[in-house]
>>> print(open('protein-v4.cif').read())   # mmCIF, C-alpha atoms
data_target
#
loop_
_atom_site.label_atom_id
_atom_site.label_comp_id
_atom_site.auth_asym_id
_atom_site.auth_seq_id
_atom_site.Cartn_x
_atom_site.Cartn_y
_atom_site.Cartn_z
CA MET A 1 0.00 0.00 0.00
CA ILE A 2 2.81 2.38 0.97
CA LYS A 3 4.63 1.59 -2.29
CA LYS A 4 1.52 2.35 -4.36
CA LEU A 5 1.04 5.65 -2.51
CA ALA A 6 4.67 6.67 -3.16
CA ILE A 7 4.30 6.02 -6.88
CA ALA A 8 1.09 8.05 -6.96
CA LEU A 9 2.94 11.06 -5.50
CA ILE A 10 5.62 11.12 -8.23
CA PRO A 11 5.06 13.98 -10.71
CA PRO A 12 3.71 12.76 -14.09
CA ALA A 13 6.64 14.34 -15.98
CA ILE A 14 9.13 12.16 -14.13
CA LEU A 15 7.02 9.06 -14.71
CA LEU A 16 6.92 9.79 -18.44
CA ALA A 17 10.68 10.32 -18.52
CA GLY A 18 11.15 6.94 -16.90
CA CYS A 19 8.86 5.27 -19.43
CA PHE A 20 10.87 6.63 -22.35
CA GLY A 21 14.25 5.92 -20.78
CA GLY A 22 15.21 9.60 -20.29
CA SER A 23 14.32 13.13 -21.31
CA GLN A 24 13.10 13.79 -24.82
CA PRO A 25 15.36 15.75 -27.21
CA VAL A 26 14.46 19.42 -27.64
CA LEU A 27 14.44 20.41 -31.30
CA THR A 28 15.80 23.73 -32.55
CA GLU A 29 13.62 25.76 -34.90
CA HIS A 30 15.41 27.15 -37.97
CA PHE A 31 14.06 30.31 -39.59
CA THR A 32 14.57 32.24 -42.80
CA LEU A 33 13.27 35.61 -43.99
CA ALA A 34 9.87 35.31 -45.62
CA GLY A 35 9.45 36.33 -49.25
CA ARG A 36 10.45 39.33 -51.27
CA ALA A 37 8.94 42.78 -51.47
CA SER A 38 5.86 43.43 -53.56
CA ALA A 39 5.97 44.59 -57.18
CA GLN A 40 7.45 48.02 -57.72
CA PRO A 41 5.36 51.17 -58.02
CA ALA A 42 5.52 53.34 -61.13
CA PRO A 43 8.89 55.14 -61.44
CA ALA A 44 8.98 58.68 -60.12
CA ALA A 45 8.33 61.46 -62.60
CA GLY A 46 11.45 62.35 -64.52
CA ALA A 47 13.35 59.27 -63.35
CA ALA A 48 15.43 57.61 -66.04
CA PRO A 49 15.24 53.79 -66.09
CA ALA A 50 18.44 51.82 -65.58
CA GLU A 51 17.33 48.95 -67.82
CA GLY A 52 20.50 49.04 -69.93
CA ARG A 53 22.90 48.62 -67.03
CA ILE A 54 24.02 45.91 -64.67
CA LEU A 55 23.96 46.21 -60.87
CA ARG A 56 26.11 44.20 -58.50
CA ILE A 57 25.10 43.72 -54.87
CA ALA A 58 28.33 43.36 -52.93
CA GLU A 59 28.59 40.99 -49.99
CA ILE A 60 26.82 42.62 -47.07
CA SER A 61 29.23 43.50 -44.27
CA ALA A 62 28.29 43.24 -40.59
CA PRO A 63 29.93 43.17 -37.15
CA ASN A 64 31.19 39.80 -35.94
CA TRP A 65 28.21 39.19 -33.66
CA LEU A 66 25.85 39.34 -36.65
CA ASP A 67 28.00 37.06 -38.78
CA SER A 68 26.41 33.91 -37.33
CA THR A 69 23.08 32.08 -37.37
CA ASN A 70 22.10 33.33 -33.91
CA LEU A 71 18.66 34.89 -33.60
CA TYR A 72 19.15 37.84 -31.28
CA TYR A 73 16.83 39.71 -28.96
CA ARG A 74 17.33 42.63 -26.58
CA LEU A 75 15.33 43.44 -23.44
CA ALA A 76 15.49 47.20 -23.88
CA TYR A 77 13.19 47.79 -20.92
CA ARG A 78 15.73 46.09 -18.62
CA ASN A 79 19.19 46.59 -20.06
CA ASP A 80 19.48 48.45 -23.33
CA ALA A 81 23.11 47.38 -23.83
CA ARG A 82 22.68 43.60 -23.43
CA ILE A 83 21.97 41.39 -26.44
CA SER A 84 21.04 37.72 -26.07
CA ALA A 85 20.41 34.84 -28.46
CA TYR A 86 17.47 32.45 -28.44
CA SER A 87 18.68 29.04 -27.30
CA ARG A 88 16.27 26.92 -29.38
CA SER A 89 15.73 29.11 -32.44
CA ASP A 90 18.17 30.35 -35.07
CA TRP A 91 18.55 31.45 -38.70
CA VAL A 92 19.27 28.99 -41.51
CA ALA A 93 22.08 31.36 -42.60
CA PRO A 94 23.68 34.53 -41.19
CA PRO A 95 21.44 37.64 -41.48
CA PRO A 96 23.73 39.37 -44.05
CA VAL A 97 23.21 36.41 -46.41
CA LEU A 98 19.44 36.28 -45.89
CA LEU A 99 19.07 40.04 -46.28
CA GLY A 100 21.17 39.96 -49.45
CA ASN A 101 18.80 37.39 -50.95
CA VAL A 102 15.75 39.54 -50.17
CA LEU A 103 17.44 42.63 -51.59
CA GLN A 104 18.54 40.89 -54.78
CA SER A 105 15.14 39.30 -55.49
CA THR A 106 13.35 42.60 -54.82
CA LEU A 107 15.59 44.60 -57.16
CA ALA A 108 15.42 41.91 -59.83
CA SER A 109 11.61 41.78 -59.72
CA ALA A 110 11.45 45.54 -60.31
CA GLY A 111 12.80 45.09 -63.84
CA GLN A 112 14.72 48.37 -63.70
CA TRP A 113 18.13 46.82 -64.44
CA ARG A 114 19.38 44.64 -67.25
CA ALA A 115 20.75 42.22 -64.65
CA ILE A 116 21.27 42.01 -60.88
CA LEU A 117 24.48 40.23 -59.89
CA GLY A 118 25.34 38.73 -56.53
CA PRO A 119 28.68 38.93 -54.69
CA SER A 120 30.04 35.71 -56.22
CA ASP A 121 29.26 36.63 -59.86
CA VAL A 122 32.47 37.39 -61.78
CA ASN A 123 30.80 39.36 -64.58
CA GLN A 124 31.36 43.09 -64.77
CA ALA A 125 28.73 45.54 -63.53
CA ASP A 126 28.12 49.24 -64.10
CA VAL A 127 27.00 50.07 -60.57
CA ALA A 128 27.77 48.46 -57.20
CA LEU A 129 25.54 48.48 -54.13
CA ARG A 130 27.35 48.15 -50.80
CA VAL A 131 25.43 47.50 -47.59
CA GLU A 132 26.81 47.69 -44.06
CA LEU A 133 24.38 46.00 -41.68
CA ASN A 134 24.66 47.53 -38.20
CA ASP A 135 21.75 45.95 -36.34
CA PHE A 136 19.31 43.08 -36.92
CA GLU A 137 17.45 42.01 -33.80
CA GLN A 138 14.18 41.75 -31.92
CA ALA A 139 14.01 44.60 -29.40
CA PHE A 140 11.60 44.31 -26.46
CA THR A 141 10.19 47.54 -25.02
CA GLY A 142 8.03 45.53 -22.61
CA GLN A 143 7.37 41.91 -21.70
CA ASP A 144 4.75 41.57 -24.45
CA GLN A 145 5.88 44.32 -26.82
CA SER A 146 8.74 44.01 -29.28
CA ALA A 147 9.82 45.03 -32.76
CA GLY A 148 12.17 43.83 -35.45
CA VAL A 149 14.97 46.36 -35.82
CA LEU A 150 17.06 46.71 -38.99
CA ASP A 151 19.78 49.36 -39.19
CA ALA A 152 22.07 49.68 -42.21
CA THR A 153 24.15 52.11 -44.25
CA VAL A 154 23.98 51.79 -48.04
CA THR A 155 26.49 53.15 -50.54
CA VAL A 156 26.04 53.35 -54.32
CA VAL A 157 29.26 53.24 -56.34
CA SER A 158 29.76 53.75 -60.06
CA ASN A 159 32.35 51.30 -61.30
CA GLU A 160 33.48 53.97 -63.73
CA ARG A 161 36.52 55.33 -61.87
CA ASN A 162 35.13 53.80 -58.65
CA ARG A 163 33.13 56.96 -57.96
CA ILE A 164 30.70 57.14 -55.03
CA LEU A 165 27.30 58.34 -56.22
CA ALA A 166 25.44 58.48 -52.92
CA GLN A 167 25.20 57.09 -49.39
CA ARG A 168 22.23 56.79 -47.06
CA HIS A 169 21.44 55.44 -43.61
CA PHE A 170 18.29 53.34 -43.09
CA HIS A 171 16.67 52.52 -39.73
CA ILE A 172 13.50 50.43 -39.86
CA GLU A 173 11.37 49.00 -37.05
CA LYS A 174 8.36 46.72 -37.48
CA PRO A 175 6.17 45.50 -34.59
CA ALA A 176 6.29 41.80 -33.73
CA PRO A 177 2.94 39.97 -33.53
CA SER A 178 4.12 37.83 -30.61
CA ALA A 179 6.75 38.01 -27.88
CA ASP A 180 8.79 35.04 -29.05
CA ALA A 181 11.25 33.99 -31.74
CA ALA A 182 8.54 33.40 -34.35
CA GLY A 183 7.20 36.90 -33.77
CA GLY A 184 10.68 38.35 -34.07
CA VAL A 185 11.26 36.54 -37.34
CA GLN A 186 8.02 37.86 -38.80
CA ALA A 187 8.87 41.41 -37.74
CA LEU A 188 12.39 41.18 -39.17
CA SER A 189 10.98 39.74 -42.40
CA GLU A 190 8.70 42.75 -42.75
CA ALA A 191 11.57 45.10 -41.89
CA SER A 192 13.75 43.43 -44.53
CA ARG A 193 11.09 43.78 -47.21
CA ALA A 194 10.54 47.44 -46.29
CA PHE A 195 14.29 48.02 -46.41
CA ALA A 196 14.57 46.40 -49.84
CA MET A 197 11.77 48.56 -51.23
CA LYS A 198 13.25 51.76 -49.79
CA VAL A 199 16.67 50.91 -51.24
CA ARG A 200 15.06 50.10 -54.60
CA ASP A 201 13.30 53.48 -54.82
CA TRP A 202 16.31 55.43 -53.54
CA LEU A 203 18.65 53.62 -55.92
CA ASN A 204 16.40 54.43 -58.85
CA GLU A 205 16.38 58.12 -57.93
CA THR A 206 20.14 58.17 -57.32
CA THR A 207 21.10 56.60 -60.64
CA ALA A 208 18.59 58.80 -62.49
CA THR A 209 20.13 61.93 -60.95
CA ALA A 210 23.63 60.73 -61.84
CA ASP A 211 22.56 60.10 -65.45
CA THR A 212 21.07 63.58 -65.72
CA ALA A 213 24.21 65.20 -64.32
CA ARG A 214 26.50 63.52 -66.86
CA SER A 215 24.23 63.93 -69.90
CA PRO A 216 25.38 66.30 -72.72
CA ALA A 217 22.32 68.52 -72.18
CA ALA A 218 23.19 69.03 -68.52
CA ALA A 219 26.73 70.03 -69.41
CA GLU A 220 25.61 72.87 -71.67
#
>>> encode(input="protein-v4.cif", output="structure tokens")
Amino acid sequence: MIKKLAIALIPPAILLAGCFGGSQPVLTEHFTLAGRASAQPAPAAGAAPAEGRILRIAEISAPNWLDSTNLYYRLAYRNDARISAYSRSDWVAPPPVLLGNVLQSTLASAGQWRAILGPSDVNQADVALRVELNDFEQAFTGQDQSAGVLDATVTVVSNERNRILAQRHFHIEKPAPSADAAGGVQALSEASRAFAMKVRDWLNETTATADTARSPAAAE
């Protein structure tokens, strides 16, 4: 009787662990950025299309802590300087690689360039796009409130004499639908798509302005 009573008092979780010969393995969830940005809007008035030229997206640079598959979050309401990584969730590739894929597919779908080349393509390009990724994380402003934060500096370079055409800083935040890794991934996916669209529009304006400045009519 005493033996039966002792068994009845053992927590169910321990009993289940004994039945299966030990604790069950905890699986890690692997995430990627969802989709590319939507189709491009009509070009701005007076903007010259870049359909005859080739654009190369250089390998996106980032600090060492972002050059990994860790999925980071920051409890800004507790310690704004401390960044942590989810223990059971990560990216399928480092954020610079994933963001580069979103950026390349978004620019290619716009149809404003003859070709969009990636970092590993050996063919020559007319214009290079360089991105320095400064931040890519889920920032919590409260226990149940967070946002995907993307911070980057983008430089446009003409391969003719290696001349810098323009540079711009982008800071984008998108609210997360849930206070967990999945919510952070969705917010960072939306931030990445918004970033790609902003870069697309800005790049179109920048190259159009550069074309106007070097045209024979502008020189007269």
>>> atom_distance(input="protein-v4.cif", atom1="atom CA of A:Ile116", atom2="atom CA of A:Glu160")
17.3 Å
>>> closest_atom_pairs(input="protein-v4.cif", of="stretch 128-196 of chain A", to="stretch 53-69 of chain A", cutoff="7 Å", atoms="all atoms listed in the file", output="Markdown table")
| residue | atom | partner | partner_atom | distance |
| --- | --- | --- | --- | --- |
| A:Ala128 | CA | A:Arg56 | CA | 4.8 |
| A:Leu129 | CA | A:Ile57 | CA | 4.8 |
| A:Arg130 | CA | A:Ala58 | CA | 5.3 |
| A:Val131 | CA | A:Ile60 | CA | 5.1 |
| A:Glu132 | CA | A:Ser61 | CA | 4.8 |
| A:Leu133 | CA | A:Ala62 | CA | 4.9 |
| A:Asn134 | CA | A:Ala62 | CA | 6.1 |
>>> resolve_selection(input="protein-v4.cif", expression="the PyMOL selection byres ((chain A and resi 79-89) around 8)", output="compact mmCIF listing (two decimals) with C-alpha atoms, in the coordinates of the input")
# COMPACT_ATOMS: atom_id res chain seq x y z
CA VAL A 26 14.46 19.42 -27.64
CA LEU A 27 14.44 20.41 -31.30
CA THR A 28 15.80 23.73 -32.55
CA GLU A 29 13.62 25.76 -34.90
CA HIS A 30 15.41 27.15 -37.97
CA PHE A 31 14.06 30.31 -39.59
CA ASN A 70 22.10 33.33 -33.91
CA LEU A 71 18.66 34.89 -33.60
CA TYR A 72 19.15 37.84 -31.28
CA TYR A 73 16.83 39.71 -28.96
CA ARG A 74 17.33 42.63 -26.58
CA LEU A 75 15.33 43.44 -23.44
CA ALA A 76 15.49 47.20 -23.88
CA TYR A 77 13.19 47.79 -20.92
CA ARG A 78 15.73 46.09 -18.62
CA ASP A 90 18.17 30.35 -35.07
CA TRP A 91 18.55 31.45 -38.70
CA ALA A 181 11.25 33.99 -31.74
>>> closest_residue(input="protein-v4.cif", among="A:Asp121, A:His169, A:Ile164, A:Gln104", to="A:Ala152", atoms="only C-alpha atoms")
A:His169
>>> axis_aligned_box(input="protein-v4.cif", around="stretch 117-134 of chain A", padding_each_side="3 Å", output="AutoDock Vina command-line options")
--center_x 28.4 --center_y 42.9 --center_z -51.5 --size_x 14.1 --size_y 20.4 --size_z 32.6
>>> atom_distance(input="protein-v4.cif", atom1="atom CA of A:Glu205", atom2="atom CA of A:Gly52")
15.6 Å
>>> residues_around(input="protein-v4.cif", residues="A:Thr32", least_positions_apart="5", cutoff="12 Å", atoms="all atoms listed in the file", output="PyMOL selection string")
chain A and resi 69-71+89-99+101-102+181-182+184-189+192
>>> write_last_selection(input="protein-v4.cif", atoms="C-alpha atoms", output="compact mmCIF listing (two decimals), in the coordinates of the input")
# COMPACT_ATOMS: atom_id res chain seq x y z
CA THR A 69 23.08 32.08 -37.37
CA ASN A 70 22.10 33.33 -33.91
CA LEU A 71 18.66 34.89 -33.60
CA SER A 89 15.73 29.11 -32.44
CA ASP A 90 18.17 30.35 -35.07
CA TRP A 91 18.55 31.45 -38.70
CA VAL A 92 19.27 28.99 -41.51
CA ALA A 93 22.08 31.36 -42.60
CA PRO A 94 23.68 34.53 -41.19
CA PRO A 95 21.44 37.64 -41.48
CA PRO A 96 23.73 39.37 -44.05
CA VAL A 97 23.21 36.41 -46.41
CA LEU A 98 19.44 36.28 -45.89
CA LEU A 99 19.07 40.04 -46.28
CA ASN A 101 18.80 37.39 -50.95
CA VAL A 102 15.75 39.54 -50.17
CA ALA A 181 11.25 33.99 -31.74
CA ALA A 182 8.54 33.40 -34.35
CA GLY A 184 10.68 38.35 -34.07
CA VAL A 185 11.26 36.54 -37.34
CA GLN A 186 8.02 37.86 -38.80
CA ALA A 187 8.87 41.41 -37.74
CA LEU A 188 12.39 41.18 -39.17
CA SER A 189 10.98 39.74 -42.40
CA SER A 192 13.75 43.43 -44.53
>>> atom_distance(input="protein-v4.cif", atom1="atom CA of A:Glu137", atom2="atom CA of A:Pro177")
14.7 Å
>>> closest_residue(input="protein-v4.cif", among="A:Ala208, A:Val154, A:Gln138, A:Asp201", to="A:Pro175", atoms="only C-alpha atoms")
A:Gln138
>>> residues_around(input="protein-v4.cif", residues="A:Phe170", least_positions_apart="4", cutoff="9 Å", atoms="all atoms listed in the file", output="mmCIF file with C-alpha atoms, keeping the file's coordinate frame")
data_model
loop_
_atom_site.group_PDB
_atom_site.id
_atom_site.type_symbol
_atom_site.label_atom_id
_atom_site.label_comp_id
_atom_site.auth_asym_id
_atom_site.auth_seq_id
_atom_site.Cartn_x
_atom_site.Cartn_y
_atom_site.Cartn_z
ATOM 1 C CA LEU A 150 17.060 46.710 -38.990
ATOM 2 C CA ASP A 151 19.780 49.360 -39.190
ATOM 3 C CA ALA A 152 22.070 49.680 -42.210
ATOM 4 C CA THR A 153 24.150 52.110 -44.250
ATOM 5 C CA VAL A 154 23.980 51.790 -48.040
ATOM 6 C CA PHE A 195 14.290 48.020 -46.410
ATOM 7 C CA LYS A 198 13.250 51.760 -49.790
ATOM 8 C CA VAL A 199 16.670 50.910 -51.240
#
>>> resolve_selection(input="protein-v4.cif", expression="the PyMOL selection byres ((chain A and resi 146) around 9)", output="MDAnalysis selection string")
chainID A and resid 75 138:145 147:148 174:180 183:184 187
>>> write_last_selection(input="protein-v4.cif", atoms="C-alpha atoms", output="compact mmCIF listing (two decimals), keeping the file's coordinate frame")
# COMPACT_ATOMS: atom_id res chain seq x y z
CA LEU A 75 15.33 43.44 -23.44
CA GLN A 138 14.18 41.75 -31.92
CA ALA A 139 14.01 44.60 -29.40
CA PHE A 140 11.60 44.31 -26.46
CA THR A 141 10.19 47.54 -25.02
CA GLY A 142 8.03 45.53 -22.61
CA GLN A 143 7.37 41.91 -21.70
CA ASP A 144 4.75 41.57 -24.45
CA GLN A 145 5.88 44.32 -26.82
CA ALA A 147 9.82 45.03 -32.76
CA GLY A 148 12.17 43.83 -35.45
CA LYS A 174 8.36 46.72 -37.48
CA PRO A 175 6.17 45.50 -34.59
CA ALA A 176 6.29 41.80 -33.73
CA PRO A 177 2.94 39.97 -33.53
CA SER A 178 4.12 37.83 -30.61
CA ALA A 179 6.75 38.01 -27.88
CA ASP A 180 8.79 35.04 -29.05
CA GLY A 183 7.20 36.90 -33.77
CA GLY A 184 10.68 38.35 -34.07
CA ALA A 187 8.87 41.41 -37.74
